[in-house]
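Dumped structure-v8.cif below, it's mmCIF, C-alpha atoms (C1' of nucleotides):
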data_run
loop_
_atom_site.label_atom_id
_atom_site.label_comp_id
_atom_site.auth_asym_id
_atom_site.auth_seq_id
_atom_site.Cartn_x
_atom_site.Cartn_y
_atom_site.Cartn_z
CA MET A 212 -150.30 50.35 153.30
CA ALA A 213 -152.98 48.28 154.96
CA GLU A 214 -156.59 49.37 155.47
CA SER A 215 -157.05 52.99 156.46
CA THR A 216 -158.62 53.51 159.85
CA ARG A 217 -157.06 56.63 161.26
CA VAL A 218 -158.39 60.17 161.22
CA TYR A 219 -156.32 62.40 158.94
CA GLY A 220 -156.72 66.13 158.47
CA GLY A 221 -159.77 65.98 160.65
CA VAL A 222 -161.65 63.56 158.39
CA SER A 223 -162.16 59.87 158.84
CA ALA A 224 -160.72 57.20 156.60
CA GLY A 225 -164.02 56.50 154.89
CA GLN A 226 -164.60 60.19 154.25
CA ARG A 227 -161.14 60.64 152.77
CA ARG A 228 -161.71 57.68 150.53
CA GLU A 229 -164.99 59.14 149.36
CA GLN A 230 -163.41 62.54 148.76
CA ARG A 231 -160.70 61.01 146.61
CA ARG A 232 -163.29 59.07 144.67
CA GLN A 233 -165.31 62.21 144.04
CA ARG A 234 -162.21 64.14 142.95
CA LEU A 235 -161.50 61.40 140.44
CA ILE A 236 -165.06 61.58 139.15
CA ASP A 237 -164.81 65.35 138.83
CA ALA A 238 -161.52 65.02 136.95
CA GLY A 239 -163.11 62.38 134.73
CA LEU A 240 -166.03 64.63 133.87
CA GLU A 241 -163.63 67.40 132.92
CA LEU A 242 -161.38 65.24 130.74
CA PHE A 243 -164.00 62.90 129.29
CA GLY A 244 -166.26 65.84 128.53
CA THR A 245 -163.55 67.69 126.62
CA ARG A 246 -161.12 65.20 125.10
CA GLY A 247 -163.37 62.16 125.02
CA VAL A 248 -163.03 58.90 126.92
CA ALA A 249 -160.79 57.27 124.33
CA ALA A 250 -158.21 60.03 124.61
CA VAL A 251 -157.84 59.94 128.38
CA GLY A 252 -155.46 57.74 130.37
CA ILE A 253 -155.22 56.93 134.04
CA VAL A 254 -152.22 59.20 134.41
CA ASP A 255 -154.18 62.09 132.96
CA VAL A 256 -157.04 61.62 135.40
CA CYS A 257 -154.68 61.40 138.34
CA ALA A 258 -152.88 64.56 137.29
CA GLU A 259 -156.18 66.40 136.92
CA ALA A 260 -157.37 65.17 140.31
CA LYS A 261 -153.95 65.79 141.88
CA LEU A 262 -153.81 62.23 143.14
CA ILE A 263 -151.44 59.37 142.54
CA LYS A 264 -152.27 56.18 140.74
CA ARG A 265 -152.65 54.15 143.92
CA TYR A 266 -155.81 56.04 144.79
CA PHE A 267 -157.22 55.53 141.35
CA TYR A 268 -157.14 51.78 141.81
CA GLU A 269 -158.52 52.30 145.30
CA SER A 270 -161.91 53.19 143.82
CA PHE A 271 -161.80 52.09 140.16
CA SER A 272 -160.32 49.27 138.20
CA SER A 273 -159.94 50.92 134.80
CA ILE A 274 -160.67 54.04 132.80
CA ASP A 275 -163.93 52.52 131.59
CA ASP A 276 -164.91 51.84 135.18
CA LEU A 277 -164.39 55.49 136.05
CA ALA A 278 -166.20 56.59 132.91
CA ALA A 279 -169.21 54.51 133.93
CA ALA A 280 -169.24 56.13 137.36
CA VAL A 281 -169.00 59.60 135.83
CA PHE A 282 -171.78 58.89 133.36
CA ASP A 283 -174.06 57.43 136.01
CA GLN A 284 -173.52 60.35 138.35
CA VAL A 285 -174.22 62.87 135.60
CA THR A 286 -177.36 61.15 134.38
CA ASP A 287 -178.65 60.52 137.88
CA SER A 288 -178.20 64.18 138.72
CA LEU A 289 -179.97 65.14 135.52
CA VAL A 290 -182.94 62.90 136.24
CA GLU A 291 -183.16 64.30 139.74
CA GLN A 292 -183.41 67.77 138.27
CA VAL A 293 -185.87 66.97 135.50
CA VAL A 294 -188.34 64.71 137.29
CA PRO A 295 -189.51 67.34 139.79
CA ALA A 296 -189.89 69.74 136.88
CA ILE A 297 -192.10 67.22 135.14
CA VAL A 298 -194.22 67.00 138.25
CA ALA A 299 -194.32 70.78 138.37
CA GLY A 300 -195.63 70.79 134.83
CA GLY A 301 -198.47 68.58 135.92
CA GLY A 302 -198.09 66.38 132.86
CA GLN A 303 -199.42 69.18 130.70
CA ASP A 304 -196.81 71.91 130.38
CA PRO A 305 -193.46 70.64 129.06
CA ARG A 306 -191.68 73.93 129.66
CA PRO A 307 -190.49 73.34 133.23
CA ALA A 308 -189.04 69.97 132.29
CA LEU A 309 -187.29 71.28 129.21
CA THR A 310 -185.98 74.26 131.14
CA ALA A 311 -184.53 71.94 133.75
CA TYR A 312 -182.98 69.80 131.02
CA VAL A 313 -181.42 72.76 129.27
CA ASN A 314 -180.04 74.15 132.49
CA GLY A 315 -178.72 70.78 133.57
CA ALA A 316 -177.33 69.42 130.35
CA LEU A 317 -176.96 72.06 127.68
CA ALA A 318 -175.53 74.57 130.10
CA ASP A 319 -172.46 72.37 130.59
CA PRO A 320 -170.68 71.41 127.36
CA ARG A 321 -169.01 68.51 129.11
CA VAL A 322 -172.35 67.02 130.10
CA ALA A 323 -173.77 67.60 126.64
CA ARG A 324 -170.84 65.85 125.03
CA LEU A 325 -170.99 63.00 127.49
CA LEU A 326 -174.65 62.38 126.74
CA ALA A 327 -174.54 62.91 122.99
CA VAL A 328 -171.24 61.30 122.08
CA GLU A 329 -169.46 59.37 124.78
CA GLY A 330 -172.58 57.63 126.02
CA ARG A 331 -172.85 55.76 122.76
CA THR A 332 -169.46 54.19 122.34
CA GLY A 333 -167.36 51.53 123.94
CA ALA A 334 -167.93 50.66 127.55
CA LEU A 335 -170.51 53.42 128.01
CA ALA A 336 -172.85 52.04 125.35
CA ARG A 337 -174.85 50.08 127.91
CA HIS A 338 -175.13 53.04 130.25
CA GLY A 339 -176.13 55.31 127.38
CA ALA A 340 -178.81 52.89 126.29
CA GLY A 341 -180.06 52.69 129.86
CA PHE A 342 -180.30 56.45 130.07
CA ALA A 343 -182.13 56.54 126.76
CA THR A 344 -184.61 54.06 128.17
CA ARG A 345 -185.18 56.27 131.18
CA ALA A 346 -185.61 59.29 128.92
CA VAL A 347 -188.19 57.45 126.86
CA GLU A 348 -190.07 56.57 130.03
CA LEU A 349 -190.09 60.23 130.97
CA TRP A 350 -191.43 60.99 127.51
CA PHE A 351 -194.30 58.59 128.00
CA ALA A 352 -195.06 60.32 131.29
CA PHE A 353 -195.92 63.30 129.11
CA SER A 354 -197.17 61.93 125.86
CA PRO A 355 -200.95 61.80 125.84
CA ALA A 356 -203.25 59.51 123.92
CA VAL A 357 -201.27 56.31 124.15
CA ASP A 358 -204.32 54.23 123.38
CA GLY A 359 -205.26 55.55 119.98
CA ARG A 360 -201.90 55.32 118.25
CA ASP A 361 -199.40 52.56 117.76
CA GLU A 362 -197.17 52.15 120.78
CA ALA A 363 -194.06 51.54 118.67
CA ALA A 364 -194.70 54.71 116.70
CA LEU A 365 -194.89 56.70 119.92
CA ARG A 366 -191.65 55.10 121.02
CA LEU A 367 -190.02 56.20 117.79
CA ARG A 368 -191.11 59.76 118.46
CA ALA A 369 -189.61 59.55 121.92
CA TYR A 370 -186.24 58.54 120.50
CA ALA A 371 -186.55 61.18 117.81
CA PHE A 372 -187.08 63.87 120.42
CA ALA A 373 -184.20 62.57 122.50
CA GLY A 374 -181.95 62.72 119.45
CA ALA A 375 -183.18 66.22 118.70
CA LEU A 376 -182.27 67.34 122.21
CA THR A 377 -178.73 65.99 122.07
CA GLN A 378 -178.07 67.29 118.56
CA VAL A 379 -179.37 70.75 119.43
CA GLY A 380 -177.10 70.69 122.45
CA LEU A 381 -174.05 69.93 120.32
CA ALA A 382 -174.97 72.55 117.74
CA TRP A 383 -175.56 75.06 120.50
CA HIS A 384 -172.12 74.49 121.98
CA ASP A 385 -170.57 74.59 118.53
CA GLY A 386 -171.82 78.13 118.29
CA VAL A 387 -173.80 77.61 115.09
CA LEU A 388 -177.06 78.59 116.77
CA ASP A 389 -177.28 82.29 117.40
CA LEU A 390 -180.01 82.06 120.01
CA THR A 391 -180.37 82.79 123.70
CA VAL A 392 -181.09 80.03 126.18
CA GLU A 393 -184.67 81.24 126.46
CA GLN A 394 -185.11 81.10 122.70
CA VAL A 395 -183.73 77.56 122.62
CA ILE A 396 -186.19 76.52 125.31
CA ASP A 397 -189.02 78.16 123.38
CA GLU A 398 -188.08 76.24 120.26
CA LEU A 399 -187.78 72.96 122.13
CA VAL A 400 -191.21 73.49 123.63
CA ALA A 401 -192.59 74.18 120.18
CA ILE A 402 -190.91 71.05 118.78
CA PHE A 403 -192.26 68.99 121.64
CA SER A 404 -195.75 70.27 120.99
CA ALA A 405 -195.43 69.59 117.30
CA LEU A 406 -194.31 66.02 117.93
CA THR A 407 -197.13 65.33 120.37
CA GLN A 408 -199.72 66.90 118.08
CA MET B 63 -139.60 48.62 96.30
CA ALA B 64 -139.42 51.77 94.26
CA GLU B 65 -142.36 53.30 92.39
CA SER B 66 -144.74 50.82 90.81
CA THR B 67 -144.99 51.03 87.06
CA ARG B 68 -145.43 47.49 85.82
CA VAL B 69 -148.60 45.67 84.90
CA TYR B 70 -149.42 42.92 87.40
CA GLY B 71 -152.24 40.40 87.20
CA GLY B 72 -153.51 42.24 84.17
CA VAL B 73 -154.00 45.54 85.98
CA SER B 74 -151.82 48.60 85.91
CA ALA B 75 -149.88 49.96 88.84
CA GLY B 76 -152.28 52.82 89.43
CA GLN B 77 -155.27 50.51 89.33
CA ARG B 78 -153.69 48.13 91.80
CA ARG B 79 -152.90 51.01 94.10
CA GLU B 80 -156.50 52.19 93.90
CA GLN B 81 -157.83 48.68 94.53
CA ARG B 82 -155.72 48.38 97.65
CA ARG B 83 -156.89 51.78 98.84
CA GLN B 84 -160.51 50.79 98.34
CA ARG B 85 -160.04 47.50 100.14
CA LEU B 86 -158.63 49.40 103.10
CA ILE B 87 -161.61 51.75 103.06
CA ASP B 88 -163.99 48.79 102.97
CA ALA B 89 -162.17 47.17 105.86
CA GLY B 90 -162.28 50.46 107.73
CA LEU B 91 -166.03 50.78 107.24
CA GLU B 92 -166.52 47.29 108.59
CA LEU B 93 -164.32 47.76 111.67
CA PHE B 94 -165.08 51.40 112.43
CA GLY B 95 -168.78 50.75 112.00
CA THR B 96 -168.79 47.86 114.44
CA ARG B 97 -166.03 48.36 117.01
CA GLY B 98 -165.62 52.11 116.72
CA VAL B 99 -162.64 54.07 115.49
CA ALA B 100 -160.93 54.21 118.86
CA ALA B 101 -160.88 50.43 119.14
CA VAL B 102 -159.28 49.73 115.76
CA GLY B 103 -155.58 49.57 115.00
CA ILE B 104 -153.62 49.55 111.79
CA VAL B 105 -152.91 45.86 112.17
CA ASP B 106 -156.62 45.17 112.48
CA VAL B 107 -157.44 47.03 109.30
CA CYS B 108 -154.69 45.28 107.38
CA ALA B 109 -155.87 41.87 108.58
CA GLU B 110 -159.43 42.68 107.56
CA ALA B 111 -158.30 43.92 104.14
CA LYS B 112 -155.85 41.04 103.76
CA LEU B 113 -153.01 43.45 103.09
CA ILE B 114 -149.73 44.17 104.81
CA LYS B 115 -148.83 47.35 106.60
CA ARG B 116 -146.71 48.67 103.77
CA TYR B 117 -149.80 49.16 101.66
CA PHE B 118 -151.60 50.93 104.46
CA TYR B 119 -148.96 53.63 104.53
CA GLU B 120 -149.06 53.67 100.74
CA SER B 121 -152.45 55.38 100.87
CA PHE B 122 -152.89 56.61 104.44
CA SER B 123 -150.71 58.06 107.14
CA SER B 124 -152.68 57.03 110.22
CA ILE B 125 -155.88 55.43 111.43
CA ASP B 126 -157.53 58.82 111.64
CA ASP B 127 -156.53 59.49 108.06
CA LEU B 128 -158.26 56.30 106.95
CA ALA B 129 -161.26 57.07 109.12
CA ALA B 130 -161.62 60.44 107.43
CA ALA B 131 -161.52 58.78 104.01
CA VAL B 132 -164.14 56.24 105.06
CA PHE B 133 -166.38 58.91 106.50
CA ASP B 134 -166.10 61.12 103.46
CA GLN B 135 -166.83 58.26 101.08
CA VAL B 136 -169.88 57.19 103.08
CA THR B 137 -171.30 60.69 103.37
CA ASP B 138 -170.59 61.52 99.73
CA SER B 139 -172.38 58.38 98.65
CA LEU B 140 -175.29 59.24 100.90
CA VAL B 141 -175.60 62.74 99.51
CA GLU B 142 -175.48 61.37 95.99
CA GLN B 143 -178.41 59.14 96.82
CA VAL B 144 -180.50 61.70 98.68
CA VAL B 145 -180.08 64.75 96.48
CA PRO B 146 -181.74 63.21 93.40
CA ALA B 147 -184.55 62.04 95.66
CA ILE B 148 -185.01 65.59 96.86
CA VAL B 149 -185.25 66.73 93.28
CA ALA B 150 -187.73 63.94 92.63
CA GLY B 151 -189.82 65.24 95.48
CA GLY B 152 -189.95 68.61 93.81
CA GLY B 153 -189.29 70.42 97.08
CA GLN B 154 -192.75 69.47 98.27
CA ASP B 155 -192.87 65.78 99.10
CA PRO B 156 -190.21 64.72 101.61
CA ARG B 157 -190.95 61.02 101.25
CA PRO B 158 -188.53 60.22 98.41
CA ALA B 159 -185.67 61.94 100.20
CA LEU B 160 -186.39 60.22 103.51
CA THR B 161 -186.78 56.89 101.74
CA ALA B 162 -183.40 57.34 100.12
CA TYR B 163 -181.87 58.29 103.45
CA VAL B 164 -183.33 55.30 105.24
CA ASN B 165 -182.21 52.93 102.51
CA GLY B 166 -178.76 54.47 102.40
CA ALA B 167 -178.03 55.01 106.07
CA LEU B 168 -180.38 53.14 108.32
CA ALA B 169 -180.20 50.02 106.22
CA ASP B 170 -176.53 49.60 107.09
CA PRO B 171 -175.81 49.59 110.83
CA ARG B 172 -172.20 50.44 110.15
CA VAL B 173 -173.16 53.61 108.29
CA ALA B 174 -175.69 54.55 110.96
CA ARG B 175 -173.12 54.18 113.68
CA LEU B 176 -170.51 56.09 111.70
CA LEU B 177 -172.87 59.02 111.24
CA ALA B 178 -174.41 59.04 114.70
CA VAL B 179 -171.44 58.24 116.87
CA GLU B 180 -168.05 58.17 115.21
CA GLY B 181 -168.60 61.34 113.24
CA ARG B 182 -168.67 63.35 116.42
CA THR B 183 -165.47 62.37 118.14
CA GLY B 184 -161.77 62.81 117.73
CA ALA B 185 -160.39 63.34 114.29
CA LEU B 186 -163.80 62.90 112.63
CA ALA B 187 -165.36 65.81 114.49
CA ARG B 188 -164.60 68.22 111.66
CA HIS B 189 -165.92 65.87 109.02
CA GLY B 190 -169.04 65.20 111.06
CA ALA B 191 -169.66 68.90 111.48
CA GLY B 192 -169.18 69.38 107.76
CA PHE B 193 -171.71 66.70 106.99
CA ALA B 194 -174.14 68.25 109.45
CA THR B 195 -173.73 71.53 107.59
CA ARG B 196 -174.54 69.83 104.31
CA ALA B 197 -177.55 68.15 105.88
CA VAL B 198 -178.81 71.48 107.16
CA GLU B 199 -178.46 72.93 103.70
CA LEU B 200 -180.52 70.07 102.34
CA TRP B 201 -183.09 70.82 105.01
CA PHE B 202 -183.32 74.41 103.89
CA ALA B 203 -183.88 73.20 100.36
CA PHE B 204 -187.12 71.79 101.71
CA SER B 205 -188.18 74.07 104.51
CA PRO B 206 -190.69 76.61 103.24
CA ALA B 207 -191.38 80.09 104.54
CA VAL B 208 -187.88 81.13 105.44
CA ASP B 209 -188.84 84.78 105.38
CA GLY B 210 -191.51 84.87 108.06
CA ARG B 211 -189.66 83.09 110.84
CA ASP B 212 -186.34 83.60 112.49
CA GLU B 213 -183.51 82.07 110.51
CA ALA B 214 -181.71 80.78 113.60
CA ALA B 215 -184.88 79.07 114.81
CA LEU B 216 -185.20 77.29 111.47
CA ARG B 217 -181.59 76.25 111.76
CA LEU B 218 -182.29 74.80 115.19
CA ARG B 219 -185.11 72.75 113.72
CA ALA B 220 -182.80 71.46 111.04
CA TYR B 221 -180.32 70.22 113.63
CA ALA B 222 -183.17 68.80 115.69
CA PHE B 223 -184.40 66.78 112.73
CA ALA B 224 -180.89 65.60 111.94
CA GLY B 225 -180.49 64.44 115.52
CA ALA B 226 -183.84 62.72 115.35
CA LEU B 227 -182.77 60.82 112.23
CA THR B 228 -179.55 59.54 113.75
CA GLN B 229 -181.11 58.63 117.06
CA VAL B 230 -183.96 56.76 115.36
CA GLY B 231 -181.35 54.92 113.33
CA LEU B 232 -179.51 53.81 116.43
CA ALA B 233 -182.71 52.77 118.18
CA TRP B 234 -183.80 50.93 115.07
CA HIS B 235 -180.60 48.92 114.93
CA ASP B 236 -180.78 48.30 118.67
CA GLY B 237 -184.02 46.48 118.03
CA VAL B 238 -186.10 48.59 120.40
CA LEU B 239 -188.39 49.75 117.60
CA ASP B 240 -190.73 47.03 116.44
CA LEU B 241 -191.54 48.63 113.12
CA THR B 242 -191.02 47.83 109.47
CA VAL B 243 -188.87 50.04 107.27
CA GLU B 244 -192.00 51.42 105.65
CA GLN B 245 -193.49 52.31 109.01
CA VAL B 246 -190.28 54.07 110.02
CA ILE B 247 -190.37 56.10 106.83
CA ASP B 248 -194.01 56.95 107.44
CA GLU B 249 -193.18 58.19 110.91
CA LEU B 250 -190.21 60.21 109.72
CA VAL B 251 -192.37 61.84 107.08
CA ALA B 252 -194.93 62.67 109.75
CA ILE B 253 -192.24 64.10 112.02
CA PHE B 254 -190.85 66.16 109.17
CA SER B 255 -194.28 67.54 108.42
CA ALA B 256 -194.85 68.33 112.08
CA LEU B 257 -191.55 70.20 112.32
CA THR B 258 -192.21 72.23 109.18
CA GLN B 259 -195.76 73.01 110.26
"C1'" DA C 129 -133.24 32.44 80.88
"C1'" DT C 130 -131.72 36.07 83.57
"C1'" DA C 131 -132.58 40.21 85.85
"C1'" DA C 132 -135.77 43.50 87.70
"C1'" DT C 133 -139.82 44.38 90.21
"C1'" DC C 134 -144.00 43.42 92.89
"C1'" DT C 135 -145.99 41.05 96.73
"C1'" DG C 136 -146.50 38.79 101.27
"C1'" DA C 137 -144.78 37.19 105.64
"C1'" DT C 138 -142.00 38.01 109.36
"C1'" DA C 139 -138.74 40.22 112.51
"C1'" DC C 140 -137.22 44.12 114.84
"C1'" DC C 141 -136.88 48.68 117.39
"C1'" DC C 142 -139.17 52.03 119.84
"C1'" DG C 143 -142.38 54.75 122.57
"C1'" DC C 144 -146.14 54.79 125.62
"C1'" DA C 145 -149.28 53.62 129.06
"C1'" DC C 146 -150.43 50.26 132.50
"C1'" DG C 147 -149.73 48.19 136.85
"C1'" DT C 148 -146.68 47.57 140.78
"C1'" DG C 149 -143.07 48.63 143.96
"C1'" DT C 150 -139.94 51.50 146.78
"C1'" DC C 151 -138.77 55.32 149.66
"C1'" DA C 152 -139.04 59.71 152.16
"C1'" DA C 153 -141.98 63.33 154.19
"C1'" DA C 154 -146.18 64.34 156.78
"C1'" DT C 155 -149.43 63.35 160.30
"C1'" DA C 156 -151.67 60.87 164.10
"C1'" DC C 157 -151.45 57.74 168.09
"C1'" DG C 158 -149.30 55.91 172.76
"C1'" DC D 28 -140.89 61.89 172.00
"C1'" DG D 29 -140.91 57.70 169.47
"C1'" DT D 30 -143.61 54.63 166.58
"C1'" DA D 31 -147.05 53.49 163.21
"C1'" DT D 32 -149.83 54.87 159.47
"C1'" DT D 33 -151.03 57.79 155.57
"C1'" DT D 34 -149.60 60.25 151.70
"C1'" DG D 35 -146.93 61.77 147.65
"C1'" DA D 36 -143.15 61.42 144.34
"C1'" DC D 37 -140.63 58.53 141.76
"C1'" DA D 38 -138.67 54.15 139.65
"C1'" DC D 39 -139.23 49.71 137.45
"C1'" DG D 40 -140.90 45.79 134.59
"C1'" DT D 41 -144.12 44.62 131.02
"C1'" DG D 42 -147.25 44.33 127.08
"C1'" DC D 43 -148.98 46.27 123.03
"C1'" DG D 44 -149.24 48.73 118.85
"C1'" DG D 45 -146.87 51.84 115.55
"C1'" DG D 46 -143.43 52.25 112.12
"C1'" DT D 47 -139.44 50.28 109.50
"C1'" DA D 48 -136.59 46.78 107.58
"C1'" DT D 49 -135.41 42.20 105.85
"C1'" DC D 50 -136.16 38.11 103.22
"C1'" DA D 51 -138.35 34.64 100.18
"C1'" DG D 52 -141.67 33.67 96.57
"C1'" DA D 53 -144.25 35.21 92.48
"C1'" DT D 54 -144.71 37.76 88.19
"C1'" DT D 55 -143.04 40.46 84.43
"C1'" DA D 56 -139.66 42.61 81.25
"C1'" DT D 57 -135.38 42.04 78.37
#
Can you dump the structure from the file as structure tokens?
Amino acid sequence: MAESTRVYGGVSAGQRREQRRQRLIDAGLELFGTRGVAAVGIVDVCAEAKLIKRYFYESFSSIDDLAAAVFDQVTDSLVEQVVPAIVAGGGQDPRPALTAYVNGALADPRVARLLAVEGRTGALARHGAGFATRAVELWFAFSPAVDGRDEAALRLRAYAFAGALTQVGLAWHDGVLDLTVEQVIDELVAIFSALTQ
Amino acid sequence: MAESTRVYGGVSAGQRREQRRQRLIDAGLELFGTRGVAAVGIVDVCAEAKLIKRYFYESFSSIDDLAAAVFDQVTDSLVEQVVPAIVAGGGQDPRPALTAYVNGALADPRVARLLAVEGRTGALARHGAGFATRAVELWFAFSPAVDGRDEAALRLRAYAFAGALTQVGLAWHDGVLDLTVEQVIDELVAIFSALTQ
DNA sequence: ATAATCTGATACCCGCACGTGTCAAATACG
DNA sequence: CGTATTTGACACGTGCGGGTATCAGATTAT
């Protein structure tokens, strides 16, 4: 049970370790995004990932540790999708960015729940706040006329829009919004325009 | 240990029972609003309320049961404060309603957290959704020109504004918004106006 | 005053999940 | 082919919180 060095199944020890870690992250996204972090145990994650507990502790030290890794991977992926879309919009048209956000976050209920709910409680609170900070920075990349208005007021609008996005995502997945994805994007674009004057 | 009927300390059995129930709800608001529902046990609540476990089960059957009672009491109180303010605004001026909301919800971090975070997870999901429905109805009491636009689009805006309110509340309590309460209200009024055209 | 009842503190049993350990089957190296 | 390593399935000890019961002190009714 010492350090793994051999090749197994055609893959190296480091690759196997990374595969197991990724399977645990995938299982975490599935369970955290449906039941919630508080309702998931290590045994549950291992069963979902079809791994035994030893390999959980190989890469993570606790459920919260795994949850942090899942959250970071999800948000990093989201930023990687949205930032190029912002560039594509040239700082003028918010539609590409919002389309990327909707496709990346709202399209997956698990991601939406992770961002809107789980990222605000317990061990994920810091990560959620960090993501919010990044989102606000992205907002300021868009928002024009920073000089004329109060900076704190603009910041409030950024948080307001972020909250609007997450809440719309939850409502959308709850089925209370009888709209197509395109209609949701249209509305979000309109809301963005209204908030930025 | 049968049914209580006597007078004790000058108060009747039913009154004592109600006092104990209220003390448990108060303790629940304090703990749920700071640590989160998932991180609170029955022993914790009893210690906070300075009661023993027997009296917990006298009024509630589980932590989730108590959490539901706390959530309902908080949201009922909030509605009772906001609705008269809506009437005072005459369906035209949103400022009284938003002022009442800010004073009732954002003023207390525990309430803000309960609404924004706890009301979306686990056993409180249904209650949170119910409160969101009530909030949307209140929105429609304001929102003019329901006939011209799509009803679903208006509904989306209602959820967007609700999400904006909760997110601003969290950001406010996180200290990232360097604004006075009056300035926050001003901004919320402006955002409301922008969203209702 | 004596008995009945309410209250608080404590003890106890139990289930569950965590964390660790053991053992056999599978696979790779010499 | 034989040995070493990796993997999976399972077993074990432990701590913690839920839920119930017991007991002593306080207050009220008769």
Could you write out as a ChimeraX atom specification the residues of chain C within 9 Å of chain B, counting only C-alpha atoms (C1' of nucleotides)? /C:133-134,136-137
Tell me, in Å to one decimal, how far atom C1' of DT54 of chain D is from atom CA of Gly76 of chain B.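 It comes out at 16.9 Å.
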Name every residue that the PyMOL selection byres ((chain D and resi 52) around 9) selects in this structure, writing the answer as a PyMOL selection string with chains first and numbers rising. (chain C and resi 135-136) or (chain D and resi 51+53)
Expected file: the selected residues, C-alpha atoms (C1' of nucleotides), as a short mmCIF file (atom, residue, chain, number, x, y, z; two decimals), keeping the file's coordinate frame:
data_model
loop_
_atom_site.label_atom_id
_atom_site.label_comp_id
_atom_site.auth_asym_id
_atom_site.auth_seq_id
_atom_site.Cartn_x
_atom_site.Cartn_y
_atom_site.Cartn_z
"C1'" DT C 135 -145.99 41.05 96.73
"C1'" DG C 136 -146.50 38.79 101.27
"C1'" DA D 51 -138.35 34.64 100.18
"C1'" DA D 53 -144.25 35.21 92.48
#
Quick one: residues within 12 Å of Ala203 of chain B, all atoms listed in the file, excluding same-chain residues fewer than 6 positions away - as a tab-separated table (two decimals) with C-alpha atoms, keeping the file's coordinate frame?
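That gives us around-v5.tsv:
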chain	number	residue	atom	x	y	z
B	145	VAL	CA	-180.08	64.75	96.48
B	148	ILE	CA	-185.01	65.59	96.86
B	149	VAL	CA	-185.25	66.73	93.28
B	151	GLY	CA	-189.82	65.24	95.48
B	152	GLY	CA	-189.95	68.61	93.81
B	153	GLY	CA	-189.29	70.42	97.08
B	154	GLN	CA	-192.75	69.47	98.27
B	155	ASP	CA	-192.87	65.78	99.10
B	156	PRO	CA	-190.21	64.72	101.61
B	159	ALA	CA	-185.67	61.94	100.20
B	196	ARG	CA	-174.54	69.83	104.31
B	197	ALA	CA	-177.55	68.15	105.88
B	216	LEU	CA	-185.20	77.29	111.47
B	220	ALA	CA	-182.80	71.46	111.04
Find the residues around segment 152-154 of chain C up to 10 Å (all atoms listed in the file counted), leave out those fewer than 6 positions away in its own chain, and share them as a compact mmCIF listing (two decimals) with C-alpha atoms (C1' of nucleotides), in the frame of the given file.
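Contents of part-v6.txt, as written:
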# COMPACT_ATOMS: atom_id res chain seq x y z
C1' DT D 33 -151.03 57.79 155.57
C1' DT D 34 -149.60 60.25 151.70
C1' DG D 35 -146.93 61.77 147.65
C1' DA D 36 -143.15 61.42 144.34
Output the residue selection produced by the PyMOL selection byres ((chain B) within 7 of (chain A)) on the file above, formatted as a list in words. Ala100, Val179, Arg182, Ala214, Ala215, Leu218, Tyr221, Ala222, Phe223, Gly225, Ala226, Leu227, Thr228, Gln229, Val230, Leu239, Asp240, Leu241, Glu249, Ile253, Ala256 and Leu257 of chain B
Rank nothing, just name the residue among B:Asp106, B:Asp127, B:Asp138, B:Glu199 nearest to chain D, using only C-alpha atoms (C1' of nucleotides). B:Asp106
Taking all atoms listed in the file into account, which residues of chain B are within 10 Å of chain D, as a short mmCIF file (atom, residue, chain, number, x, y, z; two decimals) with C-alpha atoms, keeping the file's coordinate frame?
data_model
loop_
_atom_site.label_atom_id
_atom_site.label_comp_id
_atom_site.auth_asym_id
_atom_site.auth_seq_id
_atom_site.Cartn_x
_atom_site.Cartn_y
_atom_site.Cartn_z
CA ARG B 68 -145.43 47.49 85.82
CA VAL B 69 -148.60 45.67 84.90
CA TYR B 70 -149.42 42.92 87.40
CA GLY B 71 -152.24 40.40 87.20
CA GLY B 103 -155.58 49.57 115.00
CA ILE B 104 -153.62 49.55 111.79
CA VAL B 105 -152.91 45.86 112.17
CA LYS B 115 -148.83 47.35 106.60
CA ARG B 116 -146.71 48.67 103.77
CA TYR B 119 -148.96 53.63 104.53
CA SER B 124 -152.68 57.03 110.22
#
Expressed in Å to a single decimal, how great is the separation between atom CA of Phe271 of chain A and atom CA of Leu235 of chain A? 9.3 Å
Write out as JSON an axis-aligned box for segment 114-127 of chain B: all of its atoms listed in the file, 8 Å added on each side, centre and edge lengths in Å with one decimal.
{"center_x": -152.1, "center_y": 51.8, "center_z": 106.2, "size_x": 26.8, "size_y": 31.3, "size_z": 26.9}
Expressed in Å, the length from atom CA of Asp275 of chain A to atom CA of Val293 of chain A is 26.6 Å
Evaluated on this file, the PyMOL selection byres ((chain B and resi 89) around 12) picks out some residues - which ones are they, written as JSON, numbers by chain? {"B": [82, 83, 84, 85, 86, 87, 88, 90, 91, 92, 93, 94, 95, 96, 97, 99, 102, 103, 104, 105, 106, 107, 108, 109, 110, 111, 112, 113, 118, 125, 128, 129, 131, 132, 172]}
